[in-house]
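Structure data (mmCIF, C-alpha atoms) from upload-v1.cif:
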data_coords
#
loop_
_atom_site.label_atom_id
_atom_site.label_comp_id
_atom_site.auth_asym_id
_atom_site.auth_seq_id
_atom_site.Cartn_x
_atom_site.Cartn_y
_atom_site.Cartn_z
CA MET Q 136 196.66 255.28 -4.53
CA ASP Q 137 194.00 257.47 -2.92
CA ILE Q 138 190.90 258.19 -5.01
CA ILE Q 139 189.16 261.18 -3.43
CA PRO Q 140 185.85 262.30 -5.01
CA ARG Q 141 185.04 265.97 -4.50
CA ILE Q 142 182.02 266.20 -2.23
CA LEU Q 143 179.33 268.50 -3.65
CA PRO Q 144 176.99 270.70 -1.58
CA GLY Q 145 174.22 268.64 -0.03
CA MET Q 146 176.26 265.43 0.10
CA SER Q 147 177.46 265.72 3.68
CA GLY Q 148 174.09 265.63 5.47
CA PRO Q 149 172.65 262.49 7.09
CA GLY Q 150 171.44 259.76 4.76
CA TRP Q 151 173.09 261.01 1.57
CA LEU Q 152 174.82 257.67 0.94
CA VAL Q 153 171.90 255.25 0.50
CA PRO Q 154 171.94 251.75 -1.09
CA GLY Q 155 170.41 251.81 -4.57
CA ARG Q 156 170.59 255.59 -4.86
CA LEU Q 157 172.86 257.38 -7.34
CA THR Q 158 174.66 260.34 -5.82
CA GLU Q 159 176.61 262.73 -8.03
CA ALA Q 160 180.09 263.80 -6.96
CA GLY Q 161 182.66 266.19 -8.36
CA GLU Q 162 185.95 265.37 -10.04
CA ALA Q 163 188.16 262.68 -8.49
CA MET Q 164 191.57 263.54 -7.12
CA LEU Q 165 194.13 260.76 -7.60
CA THR Q 166 197.01 261.09 -5.18
CA PRO Q 167 199.47 258.84 -3.33
CA GLY Q 168 198.04 257.83 0.04
CA GLY Q 169 198.79 255.76 3.11
CA ALA Q 170 201.55 256.18 5.68
CA VAL Q 171 204.45 255.74 3.24
CA SER Q 172 203.48 258.59 0.95
CA ASN Q 173 201.55 260.74 3.46
CA THR Q 174 204.30 260.84 6.07
CA GLY Q 175 207.14 260.42 3.57
CA LEU Q 176 206.07 263.20 1.20
CA ALA Q 177 205.32 265.46 4.17
CA LEU Q 178 208.85 264.87 5.47
CA HIS Q 179 210.16 265.69 1.99
CA LYS Q 180 208.17 268.92 1.90
CA LEU Q 181 209.53 269.83 5.34
CA GLY Q 182 213.06 269.52 3.97
CA VAL Q 183 214.05 266.07 5.27
CA ASP Q 184 216.14 263.72 3.11
CA VAL Q 185 213.73 260.79 2.95
CA ARG Q 186 213.26 257.51 1.07
CA LEU Q 187 209.94 255.72 0.58
CA VAL Q 188 210.01 251.94 1.09
CA ALA Q 189 207.01 249.82 0.06
CA ARG Q 190 205.74 247.12 -2.26
CA VAL Q 191 203.61 248.39 -5.14
CA GLY Q 192 201.53 246.39 -7.61
CA ASP Q 193 202.67 245.72 -11.17
CA ASP Q 194 199.30 246.88 -12.50
CA ILE Q 195 198.15 250.29 -13.72
CA VAL Q 196 197.53 251.47 -10.13
CA GLY Q 197 201.10 250.68 -9.08
CA ASP Q 198 202.53 252.20 -12.25
CA LEU Q 199 200.54 255.41 -11.85
CA LEU Q 200 201.53 255.62 -8.20
CA ARG Q 201 205.25 255.47 -9.01
CA ARG Q 202 204.87 258.04 -11.81
CA ILE Q 203 203.07 260.52 -9.54
CA ILE Q 204 205.65 260.17 -6.76
CA ALA Q 205 208.52 260.58 -9.25
CA LEU Q 206 207.10 263.97 -10.26
CA THR Q 207 207.96 265.19 -6.76
CA ASP Q 208 211.48 263.68 -6.76
CA PRO Q 209 212.64 260.60 -8.73
CA ARG Q 210 214.82 259.52 -5.79
CA LEU Q 211 211.70 258.88 -3.73
CA THR Q 212 210.82 255.87 -5.91
CA GLU Q 213 214.24 254.18 -5.75
CA SER Q 214 213.28 251.85 -2.88
CA LEU Q 215 209.78 250.98 -4.06
CA VAL Q 216 209.57 247.26 -4.88
CA VAL Q 217 207.28 246.21 -7.75
CA ALA Q 218 205.50 243.01 -6.67
CA PRO Q 219 204.98 240.66 -9.66
CA GLY Q 220 201.40 239.46 -10.11
CA GLU Q 221 200.01 241.58 -7.27
CA PHE Q 222 197.48 244.41 -7.54
CA GLY Q 223 198.27 247.88 -6.34
CA SER Q 224 196.99 249.09 -3.00
CA TYR Q 225 194.23 251.70 -3.28
CA THR Q 226 191.78 253.54 -1.06
CA ILE Q 227 188.54 255.34 -1.94
CA VAL Q 228 188.36 258.25 0.50
CA ILE Q 229 184.99 259.78 1.38
CA SER Q 230 185.84 263.07 3.09
CA PRO Q 231 182.88 265.48 3.48
CA PRO Q 232 183.79 268.98 4.77
CA GLY Q 233 183.71 269.21 8.55
CA VAL Q 234 183.22 265.44 8.99
CA ASP Q 235 185.85 262.79 9.69
CA ARG Q 236 186.63 260.74 6.61
CA CYS Q 237 185.81 257.09 5.92
CA PHE Q 238 187.62 254.65 3.65
CA LEU Q 239 187.22 251.67 1.33
CA THR Q 240 190.68 250.15 1.02
CA GLY Q 241 192.28 247.29 -0.90
CA PRO Q 242 195.63 246.36 0.72
CA GLY Q 243 196.92 244.63 -2.45
CA SER Q 244 200.71 244.34 -2.49
CA ASN Q 245 200.90 245.63 1.10
CA ASP Q 246 199.88 242.15 2.26
CA THR Q 247 203.23 240.70 1.18
CA PHE Q 248 205.51 243.46 2.54
CA GLY Q 249 208.20 241.99 4.80
CA PRO Q 250 211.61 242.64 6.39
CA GLU Q 251 213.42 241.67 3.17
CA ASP Q 252 211.88 244.70 1.42
CA VAL Q 253 213.96 247.08 3.58
CA SER Q 254 217.58 247.00 2.47
CA GLU Q 255 220.51 246.71 4.87
CA GLU Q 256 222.31 249.48 2.99
CA LEU Q 257 219.42 251.90 3.39
CA LEU Q 258 219.04 251.17 7.11
CA GLY Q 259 222.76 251.74 7.57
CA ALA Q 260 222.33 255.34 6.45
CA THR Q 261 219.01 255.98 8.19
CA ARG Q 262 218.58 258.29 11.19
CA ILE Q 263 214.90 257.47 11.80
CA PHE Q 264 213.13 254.36 10.50
CA HIS Q 265 209.35 254.89 10.51
CA LEU Q 266 206.78 252.17 9.81
CA GLY Q 267 203.10 252.94 9.42
CA TYR Q 268 199.82 251.04 9.19
CA PRO Q 269 200.81 247.48 10.27
CA PRO Q 270 197.11 246.40 10.32
CA LEU Q 271 197.24 246.82 6.52
CA LEU Q 272 200.49 244.82 6.26
CA ARG Q 273 199.39 241.23 6.79
CA ARG Q 274 202.83 239.79 7.49
CA MET Q 275 203.42 242.38 10.21
CA TYR Q 276 200.69 241.01 12.48
CA LEU Q 277 200.66 237.29 11.65
CA ASP Q 278 202.36 234.90 14.11
CA HIS Q 279 202.04 237.44 16.93
CA GLY Q 280 203.98 240.07 14.98
CA GLN Q 281 207.21 238.08 14.65
CA GLU Q 282 208.14 239.56 11.26
CA MET Q 283 207.51 243.10 12.50
CA VAL Q 284 209.78 242.35 15.46
CA GLU Q 285 212.39 241.05 13.02
CA LEU Q 286 212.15 244.27 10.99
CA TYR Q 287 212.55 246.50 14.06
CA ARG Q 288 215.45 244.44 15.38
CA LYS Q 289 217.06 244.83 11.98
CA ALA Q 290 216.60 248.62 12.08
CA LYS Q 291 218.03 248.86 15.61
CA ARG Q 292 220.93 246.62 14.68
CA HIS Q 293 221.87 249.11 11.96
CA GLY Q 294 221.80 252.04 14.37
CA ALA Q 295 218.49 253.67 13.38
CA THR Q 296 216.11 255.34 15.79
CA THR Q 297 212.73 253.64 15.33
CA SER Q 298 209.19 254.97 15.01
CA LEU Q 299 205.82 253.20 14.67
CA ASP Q 300 202.37 254.44 13.64
CA LEU Q 301 199.18 252.37 13.57
CA ALA Q 302 195.96 252.19 11.56
CA MET Q 303 192.48 251.16 12.65
CA PRO Q 304 191.95 247.44 11.94
CA ASP Q 305 188.74 246.29 10.25
CA PRO Q 306 186.93 244.27 12.97
CA ALA Q 307 185.43 241.94 10.32
CA GLN Q 308 188.80 241.04 8.82
CA PRO Q 309 191.83 239.10 10.15
CA SER Q 310 193.56 242.35 11.13
CA GLY Q 311 190.69 243.14 13.49
CA GLN Q 312 190.83 239.69 15.06
CA ALA Q 313 194.58 239.66 15.69
CA ASP Q 314 195.82 239.89 19.28
CA TRP Q 315 197.21 243.40 18.98
CA ARG Q 316 198.17 243.64 22.63
CA GLU Q 317 200.48 240.67 22.11
CA VAL Q 318 201.81 242.09 18.82
CA LEU Q 319 202.64 245.40 20.51
CA ALA Q 320 204.11 243.66 23.54
CA HIS Q 321 206.57 241.92 21.23
CA THR Q 322 207.32 244.98 19.08
CA LEU Q 323 207.41 248.04 21.36
CA PRO Q 324 210.64 247.06 23.18
CA TYR Q 325 212.33 247.91 19.85
CA VAL Q 326 210.31 251.09 19.18
CA ASP Q 327 211.67 254.42 20.37
CA ILE Q 328 208.85 256.67 19.13
CA PHE Q 329 205.24 255.41 19.13
CA VAL Q 330 202.66 257.66 17.43
CA PRO Q 331 199.16 256.06 17.35
CA SER Q 332 195.76 257.76 17.39
CA ILE Q 333 193.67 257.38 20.51
CA GLU Q 334 191.09 255.25 18.69
CA GLU Q 335 193.75 252.84 17.39
CA LEU Q 336 195.47 252.54 20.75
CA LEU Q 337 192.22 251.95 22.62
CA PHE Q 338 191.11 249.31 20.09
CA MET Q 339 194.40 247.43 20.44
CA LEU Q 340 194.98 247.67 24.20
CA ASP Q 341 191.44 247.67 25.60
CA ARG Q 342 188.98 246.27 23.06
CA ALA Q 343 186.16 245.89 25.59
CA ARG Q 344 186.38 249.56 26.54
CA PHE Q 345 186.60 250.55 22.88
CA ASP Q 346 183.39 248.63 22.10
CA ALA Q 347 181.62 250.16 25.10
CA LEU Q 348 182.62 253.71 24.15
CA GLU Q 349 181.65 253.12 20.52
CA GLN Q 350 178.21 252.02 21.66
CA GLN Q 351 177.97 255.06 23.92
CA ALA Q 352 178.99 257.35 21.05
CA ARG Q 353 176.14 256.03 18.84
CA GLY Q 354 177.81 256.95 15.58
CA ALA Q 355 179.53 260.10 16.84
CA ALA Q 356 183.31 260.35 16.92
CA LEU Q 357 184.69 258.25 19.75
CA LEU Q 358 187.36 260.92 20.34
CA GLY Q 359 184.90 263.15 22.19
CA PHE Q 360 184.33 260.41 24.79
CA ALA Q 361 188.03 259.89 25.58
CA SER Q 362 188.86 261.34 29.00
CA ALA Q 363 192.28 262.71 29.90
CA GLU Q 364 192.63 259.97 32.52
CA MET Q 365 191.96 257.28 29.90
CA ILE Q 366 194.45 258.81 27.47
CA SER Q 367 197.11 259.02 30.18
CA SER Q 368 196.44 255.41 31.23
CA LEU Q 369 196.82 254.10 27.68
CA ALA Q 370 200.05 256.06 27.22
CA LYS Q 371 201.40 254.63 30.47
CA GLU Q 372 200.62 251.12 29.23
CA ALA Q 373 202.39 251.77 25.93
CA LEU Q 374 205.45 252.94 27.88
CA SER Q 375 205.30 249.82 30.06
CA LEU Q 376 205.32 247.67 26.90
CA GLY Q 377 208.61 249.26 25.81
CA ALA Q 378 208.08 252.51 23.88
CA GLN Q 379 210.09 255.52 25.06
CA ILE Q 380 208.14 258.39 23.49
CA VAL Q 381 204.37 258.08 23.06
CA MET Q 382 202.65 260.75 20.99
CA ILE Q 383 198.90 260.19 20.76
CA LYS Q 384 196.97 261.91 17.96
CA LEU Q 385 193.70 263.40 19.17
CA GLY Q 386 192.24 265.04 16.06
CA HIS Q 387 190.53 268.33 16.85
CA ARG Q 388 191.63 268.00 20.50
CA GLY Q 389 195.31 268.18 19.59
CA ILE Q 390 198.26 266.00 20.57
CA TYR Q 391 199.16 264.26 23.84
CA LEU Q 392 202.78 263.41 24.70
CA ARG Q 393 204.06 261.04 27.38
CA THR Q 394 207.67 259.89 27.74
CA GLY Q 395 209.56 257.35 29.81
CA ALA Q 396 212.55 257.69 32.10
CA SER Q 397 214.74 254.71 31.22
CA GLU Q 398 218.10 254.72 29.48
CA ARG Q 399 218.47 253.00 26.12
CA ASP Q 400 220.44 253.08 22.88
CA TRP Q 401 218.43 255.57 20.84
CA GLY Q 402 220.41 255.33 17.60
CA ARG Q 403 221.41 258.07 15.17
CA GLY Q 404 218.07 259.93 15.20
CA ALA Q 405 217.91 260.42 18.97
CA PRO Q 406 216.52 263.69 20.37
CA ALA Q 407 219.24 266.30 20.81
CA ASP Q 408 218.89 266.64 24.61
CA LEU Q 409 217.57 263.35 25.94
CA ASP Q 410 217.33 264.62 29.51
CA THR Q 411 214.65 267.15 28.54
CA TRP Q 412 212.57 264.27 27.09
CA ARG Q 413 212.49 262.13 30.23
CA SER Q 414 209.28 261.81 32.28
CA ARG Q 415 207.22 264.36 30.38
CA GLU Q 416 203.45 264.76 30.00
CA LEU Q 417 202.26 267.49 27.65
CA TRP Q 418 199.18 268.33 25.59
CA ALA Q 419 199.29 270.62 22.55
CA PRO Q 420 195.85 271.94 21.51
CA ALA Q 421 194.91 271.86 17.84
CA PHE Q 422 195.27 275.09 15.91
CA ASP Q 423 192.11 276.74 14.62
CA VAL Q 424 191.95 276.57 10.82
CA GLU Q 425 189.30 276.23 8.12
CA VAL Q 426 189.06 272.50 7.44
CA ALA Q 427 188.89 271.44 3.79
CA GLY Q 428 189.61 267.74 4.42
CA THR Q 429 191.21 265.49 7.01
CA VAL Q 430 192.98 262.96 4.75
CA GLY Q 431 196.47 262.28 6.07
CA ALA Q 432 196.23 264.77 8.95
CA GLY Q 433 197.66 262.32 11.48
CA ASP Q 434 200.44 261.26 9.12
CA ALA Q 435 201.35 264.92 8.56
CA ALA Q 436 201.47 265.51 12.31
CA VAL Q 437 203.84 262.54 12.62
CA ALA Q 438 206.06 264.05 9.93
CA GLY Q 439 206.11 267.33 11.83
CA PHE Q 440 207.03 265.54 15.05
CA LEU Q 441 209.86 263.50 13.49
CA THR Q 442 211.21 266.56 11.68
CA ALA Q 443 211.19 268.51 14.95
CA ILE Q 444 213.26 265.78 16.61
CA LEU Q 445 215.72 265.74 13.71
CA ARG Q 446 215.95 269.55 13.95
CA GLY Q 447 216.79 269.38 17.64
CA GLN Q 448 213.56 270.70 19.14
CA GLY Q 449 212.58 269.71 22.66
CA PRO Q 450 209.28 268.06 23.58
CA GLU Q 451 207.34 271.33 23.85
CA GLY Q 452 208.46 272.54 20.45
CA ALA Q 453 208.08 269.12 18.84
CA ILE Q 454 204.40 268.63 19.72
CA ARG Q 455 203.58 272.20 18.74
CA SER Q 456 205.31 271.61 15.40
CA ALA Q 457 203.37 268.36 14.99
CA ALA Q 458 200.08 270.16 15.67
CA ALA Q 459 201.04 272.94 13.24
CA VAL Q 460 201.87 270.58 10.37
CA GLY Q 461 198.64 268.68 11.02
CA ALA Q 462 196.69 271.95 10.94
CA CYS Q 463 198.27 272.97 7.62
CA ASN Q 464 197.33 269.57 6.23
CA VAL Q 465 193.59 269.92 6.85
CA GLU Q 466 193.48 273.22 4.96
CA ALA Q 467 193.59 271.17 1.72
CA THR Q 468 191.51 268.21 0.54
CA ASP Q 469 194.48 265.90 -0.07
CA ALA Q 470 197.34 264.80 2.18
CA THR Q 471 200.14 267.17 1.14
CA SER Q 472 198.93 270.25 -0.79
CA GLY Q 473 198.32 272.29 2.36
CA LEU Q 474 201.77 271.62 3.82
CA ARG Q 475 204.45 274.32 3.97
CA SER Q 476 208.22 274.23 4.31
CA TRP Q 477 209.75 273.83 7.77
CA GLU Q 478 210.75 277.50 7.83
CA GLN Q 479 207.27 278.66 6.81
CA THR Q 480 205.67 276.39 9.40
CA GLN Q 481 207.89 277.75 12.17
CA ALA Q 482 207.15 281.33 11.09
CA ARG Q 483 203.45 280.57 11.31
CA LEU Q 484 203.97 279.14 14.80
CA ALA Q 485 205.81 282.29 15.87
CA ALA Q 486 202.85 284.50 14.90
CA PRO Q 487 199.56 284.65 16.83
CA TRP Q 488 197.52 281.56 15.96
CA PRO Q 489 194.26 280.72 17.77
CA GLN Q 490 193.99 277.26 19.33
CA LYS Q 491 190.97 275.09 20.03
CA ASP Q 492 189.88 274.06 23.50
CA PRO Q 493 191.33 270.56 24.06
CA ALA Q 494 188.59 269.77 26.63
CA ILE Q 495 190.98 268.21 29.15
CA ALA Q 496 188.70 268.53 32.24
CA ALA Q 497 191.02 266.62 34.57
CA PRO Q 498 192.77 267.57 37.82
CA GLY Q 499 196.44 268.48 37.82
CA TRP Q 500 196.64 269.93 34.33
CA ARG Q 501 197.92 273.50 34.05
CA GLN Q 502 198.03 275.75 31.03
CA ASP Q 503 201.32 277.23 29.86
CA ALA Q 504 200.07 280.24 27.91
CA GLU Q 505 203.57 281.26 26.86
CA GLN Q 506 204.27 277.86 25.25
CA GLY Q 507 200.70 277.45 23.98
CA LEU Q 508 200.25 274.03 25.57
CA TRP Q 509 199.15 272.23 28.76
CA ARG Q 510 201.38 270.45 31.29
CA GLY Q 511 200.09 267.29 32.94
CA PRO Q 512 200.32 266.19 36.56
CA LEU Q 513 203.10 263.72 35.64
CA ASP Q 514 205.24 266.27 33.79
CA ARG Q 515 208.56 266.82 35.53
CA GLY Q 516 209.28 269.89 33.36
#
Translate the structure described by the file into structure tokens.
Amino acid sequence: MDIIPRILPGMSGPGWLVPGRLTEAGEAMLTPGGAVSNTGLALHKLGVDVRLVARVGDDIVGDLLRRIIALTDPRLTESLVVAPGEFGSYTIVISPPGVDRCFLTGPGSNDTFGPEDVSEELLGATRIFHLGYPPLLRRMYLDHGQEMVELYRKAKRHGATTSLDLAMPDPAQPSGQADWREVLAHTLPYVDIFVPSIEELLFMLDRARFDALEQQARGAALLGFASAEMISSLAKEALSLGAQIVMIKLGHRGIYLRTGASERDWGRGAPADLDTWRSRELWAPAFDVEVAGTVGAGDAAVAGFLTAILRGQGPEGAIRSAAAVGACNVEATDATSGLRSWEQTQARLAAPWPQKDPAIAAPGWRQDAEQGLWRGPLDRG
């Protein structure tokens, strides 16, 4: 459950959140949040037949969460497991206009989510299995990620194409002290589509560099300090660990795509023309919109990307669709209200739509004005 207070004028400046000081806010929006609902409900809105799989608390938070989701479609709650004696997962989202959001989160029943919560029958009918936010799923990173590996092996065994998103671990908690490089090394050989943010990927694969950049940023968004060479290097490492498609979310700088060249069993949700996906390096700039909030923007972009693959789009179309769905998302304060149907999103893409400067500033990149994206030096297309 996301609890999102409406930020009033004057609240977004420096120093407005001070210990001991009372700050008035507007009404609170209560909405499903996290990867399961953000990506899942976005997929539903884009016209995909989707099921949400999670553990929810047996308290008032979990009950309210299931009731809200059922208002969209009762079938979406069929695979939600009520965890006896556990409290519902919630997040308080502070999302001032024009500023990246921050969170206070209680993982609750997410801590006990495991492979047994995903049914064999459901996986047998699944084209794409997508898991999000393993740093908030304790069992997924304990013991070097063995239970997450078990879950992905199970999905592959049942013929599903697999997808993985991350979340930023809390450095002060066990999730931030786990050996994420080792967890990913064990898991990514079973992941077809890997869709982290640049901050998450840097934290997990190069913690020393992450800490150095964070110190350099001095409170500013780390994203602005990420060079194209660094992004490409991290994507290459993710491919070397086993992923086949790496889509890195870059916020206001857009979306970076890097793909591998190896053959593998992709499962039922494989891209329509696998040859066009081999050895690609592309960058889709973000679309210029009026930002109302950034909650769930990355999850929405993932939904757009997965839907594009299911609809048979190639890599160029898929990352543009991902960027478009992410842009629609930030036009509303919550995670799904700004989203449009697949047909409406594609119509918006077909019309003139200004894009932001992705600030690539690296040799070998060339702009494809017709496609509205950039091609990297490693792109064979």
Exercise. Once the PyMOL selection byres ((chain Q and resi 493-502) around 8) has been applied to the shown file, what residues remain in the selection, as an MDAnalysis selection string?
Worked result: chainID Q and resid 362:364 387:389 420:421 491:492 503:504 507:512
Exercise. Neighbours of Thr442 of chain Q within 10 Å (all atoms listed in the file; same-chain residues fewer than 5 positions away dropped), as a ChimeraX atom specification?
Worked result: /Q:177-179,181-183,263,436-437,447-448,453,456-457,477
Filtering to C-alpha atoms, could you give me those residues as a compact mmCIF listing (two decimals), keeping the file's coordinate frame?
# COMPACT_ATOMS: atom_id res chain seq x y z
CA ALA Q 177 205.32 265.46 4.17
CA LEU Q 178 208.85 264.87 5.47
CA HIS Q 179 210.16 265.69 1.99
CA LEU Q 181 209.53 269.83 5.34
CA GLY Q 182 213.06 269.52 3.97
CA VAL Q 183 214.05 266.07 5.27
CA ILE Q 263 214.90 257.47 11.80
CA ALA Q 436 201.47 265.51 12.31
CA VAL Q 437 203.84 262.54 12.62
CA GLY Q 447 216.79 269.38 17.64
CA GLN Q 448 213.56 270.70 19.14
CA ALA Q 453 208.08 269.12 18.84
CA SER Q 456 205.31 271.61 15.40
CA ALA Q 457 203.37 268.36 14.99
CA TRP Q 477 209.75 273.83 7.77
Exercise. Atom CA of Ala470 of chain Q and atom CA of Pro167 of chain Q, how far apart in Å?
Worked result: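 Interatomic distance, atom CA of Pro167 of chain Q to atom CA of Ala470 of chain Q: 8.4 Å.
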Problem set entry | Contacts of segment 393-404 of chain Q at 6 Å (all atoms listed in the file; same-chain gap of 5+ positions) as an NGL selection string | :Q and (262-263 or 294-296 or 379-381 or 413-416)
May I have the selected residues written with C-alpha atoms, as a short mmCIF file (atom, residue, chain, number, x, y, z; two decimals), in the coordinates of the input?
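The file below, result-v3.cif, is the result:
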data_model
loop_
_atom_site.label_atom_id
_atom_site.label_comp_id
_atom_site.auth_asym_id
_atom_site.auth_seq_id
_atom_site.Cartn_x
_atom_site.Cartn_y
_atom_site.Cartn_z
CA ARG Q 262 218.58 258.29 11.19
CA ILE Q 263 214.90 257.47 11.80
CA GLY Q 294 221.80 252.04 14.37
CA ALA Q 295 218.49 253.67 13.38
CA THR Q 296 216.11 255.34 15.79
CA GLN Q 379 210.09 255.52 25.06
CA ILE Q 380 208.14 258.39 23.49
CA VAL Q 381 204.37 258.08 23.06
CA ARG Q 413 212.49 262.13 30.23
CA SER Q 414 209.28 261.81 32.28
CA ARG Q 415 207.22 264.36 30.38
CA GLU Q 416 203.45 264.76 30.00
#
Problem set entry | Distance in Å - atom CA of Gln481 of chain Q versus atom CA of Ala432 of chain Q |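 Taking atom CA of Gln481 of chain Q as the start and atom CA of Ala432 of chain Q as the end point, the length is 17.7 Å.
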Exercise. Interatomic distance between atom CA of Tyr287 of chain Q and atom CA of Gly249 of chain Q?
Worked result: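 Taking atom CA of Tyr287 of chain Q and atom CA of Gly249 of chain Q, their separation equals 11.2 Å.
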Sel. within 10 Å of pt (194.6, 250.8, -10.7), counting all atoms listed in the file, output as a PDB file with C-alpha atoms, in the frame of the given file:
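Okay, this is what ended up in out.pdb:
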ATOM      1  CA  MET Q 136     196.660 255.280  -4.530  1.00  0.00           C
ATOM      2  CA  GLY Q 192     201.530 246.390  -7.610  1.00  0.00           C
ATOM      3  CA  ASP Q 193     202.670 245.720 -11.170  1.00  0.00           C
ATOM      4  CA  ASP Q 194     199.300 246.880 -12.500  1.00  0.00           C
ATOM      5  CA  ILE Q 195     198.150 250.290 -13.720  1.00  0.00           C
ATOM      6  CA  VAL Q 196     197.530 251.470 -10.130  1.00  0.00           C
ATOM      7  CA  GLY Q 197     201.100 250.680  -9.080  1.00  0.00           C
ATOM      8  CA  ASP Q 198     202.530 252.200 -12.250  1.00  0.00           C
ATOM      9  CA  LEU Q 199     200.540 255.410 -11.850  1.00  0.00           C
ATOM     10  CA  LEU Q 200     201.530 255.620  -8.200  1.00  0.00           C
ATOM     11  CA  PHE Q 222     197.480 244.410  -7.540  1.00  0.00           C
ATOM     12  CA  GLY Q 223     198.270 247.880  -6.340  1.00  0.00           C
ATOM     13  CA  SER Q 224     196.990 249.090  -3.000  1.00  0.00           C
ATOM     14  CA  TYR Q 225     194.230 251.700  -3.280  1.00  0.00           C
TER      15      TYR Q 225
END
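Distance check against Arg186 of chain Q using all atoms listed in the file: of Q:Arg210, Q:Arg202, Q:Arg141, Q:Arg344, the minimum falls on Q:Arg210.
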Counting only C-alpha atoms, select every polymer residue within 10 Å of (199.7, 261.4, 17.4) as defined in the file's coordinates, and provide the selection as a short mmCIF file (atom, residue, chain, number, x, y, z; two decimals) with C-alpha atoms, keeping the file's coordinate frame.
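Just written: out.cif:
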data_model
loop_
_atom_site.label_atom_id
_atom_site.label_comp_id
_atom_site.auth_asym_id
_atom_site.auth_seq_id
_atom_site.Cartn_x
_atom_site.Cartn_y
_atom_site.Cartn_z
CA ASP Q 300 202.37 254.44 13.64
CA LEU Q 301 199.18 252.37 13.57
CA PHE Q 329 205.24 255.41 19.13
CA VAL Q 330 202.66 257.66 17.43
CA PRO Q 331 199.16 256.06 17.35
CA SER Q 332 195.76 257.76 17.39
CA ILE Q 333 193.67 257.38 20.51
CA VAL Q 381 204.37 258.08 23.06
CA MET Q 382 202.65 260.75 20.99
CA ILE Q 383 198.90 260.19 20.76
CA LYS Q 384 196.97 261.91 17.96
CA LEU Q 385 193.70 263.40 19.17
CA GLY Q 386 192.24 265.04 16.06
CA GLY Q 389 195.31 268.18 19.59
CA ILE Q 390 198.26 266.00 20.57
CA TYR Q 391 199.16 264.26 23.84
CA LEU Q 392 202.78 263.41 24.70
CA ALA Q 432 196.23 264.77 8.95
CA GLY Q 433 197.66 262.32 11.48
CA ASP Q 434 200.44 261.26 9.12
CA ALA Q 435 201.35 264.92 8.56
CA ALA Q 436 201.47 265.51 12.31
CA VAL Q 437 203.84 262.54 12.62
CA PHE Q 440 207.03 265.54 15.05
CA ILE Q 454 204.40 268.63 19.72
CA ALA Q 457 203.37 268.36 14.99
CA ALA Q 458 200.08 270.16 15.67
CA GLY Q 461 198.64 268.68 11.02
#
For this session: For each of Q:Glu466, Q:Glu335, Q:Glu213, Q:Asp514, take the minimum atom-to-atom distance to Phe422 of chain Q, counting only C-alpha atoms, then give the residue where this is smallest.
Result: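 Of Q:Glu466, Q:Glu335, Q:Glu213, Q:Asp514, the one nearest Phe422 of chain Q, counting only C-alpha atoms, is Q:Glu466.
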Exercise. Between Q:Leu474, Q:Leu348, Q:Met339, Q:Leu266, which has the minimum distance to Gly431 of chain Q (counting all atoms listed in the file)?
Worked result: Q:Leu474
His321 of chain Q: which residues within 10 Å, counting all atoms listed in the file, same-chain residues fewer than 2 positions away excluded, as a tab-separated table (two decimals) with C-alpha atoms, in the frame of the given file?
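What follows is the written file result-v4.tsv:
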chain	number	residue	atom	x	y	z
Q	279	HIS	CA	202.04	237.44	16.93
Q	280	GLY	CA	203.98	240.07	14.98
Q	281	GLN	CA	207.21	238.08	14.65
Q	283	MET	CA	207.51	243.10	12.50
Q	284	VAL	CA	209.78	242.35	15.46
Q	315	TRP	CA	197.21	243.40	18.98
Q	316	ARG	CA	198.17	243.64	22.63
Q	317	GLU	CA	200.48	240.67	22.11
Q	318	VAL	CA	201.81	242.09	18.82
Q	319	LEU	CA	202.64	245.40	20.51
Q	323	LEU	CA	207.41	248.04	21.36
Q	324	PRO	CA	210.64	247.06	23.18
Q	325	TYR	CA	212.33	247.91	19.85
Q	376	LEU	CA	205.32	247.67	26.90
Q	377	GLY	CA	208.61	249.26	25.81
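Distances from Q:Thr468, Q:Thr411, Q:Thr166, Q:Thr207 to Ser230 of chain Q were compared using all atoms listed in the file, and the smallest one belongs to Q:Thr468.
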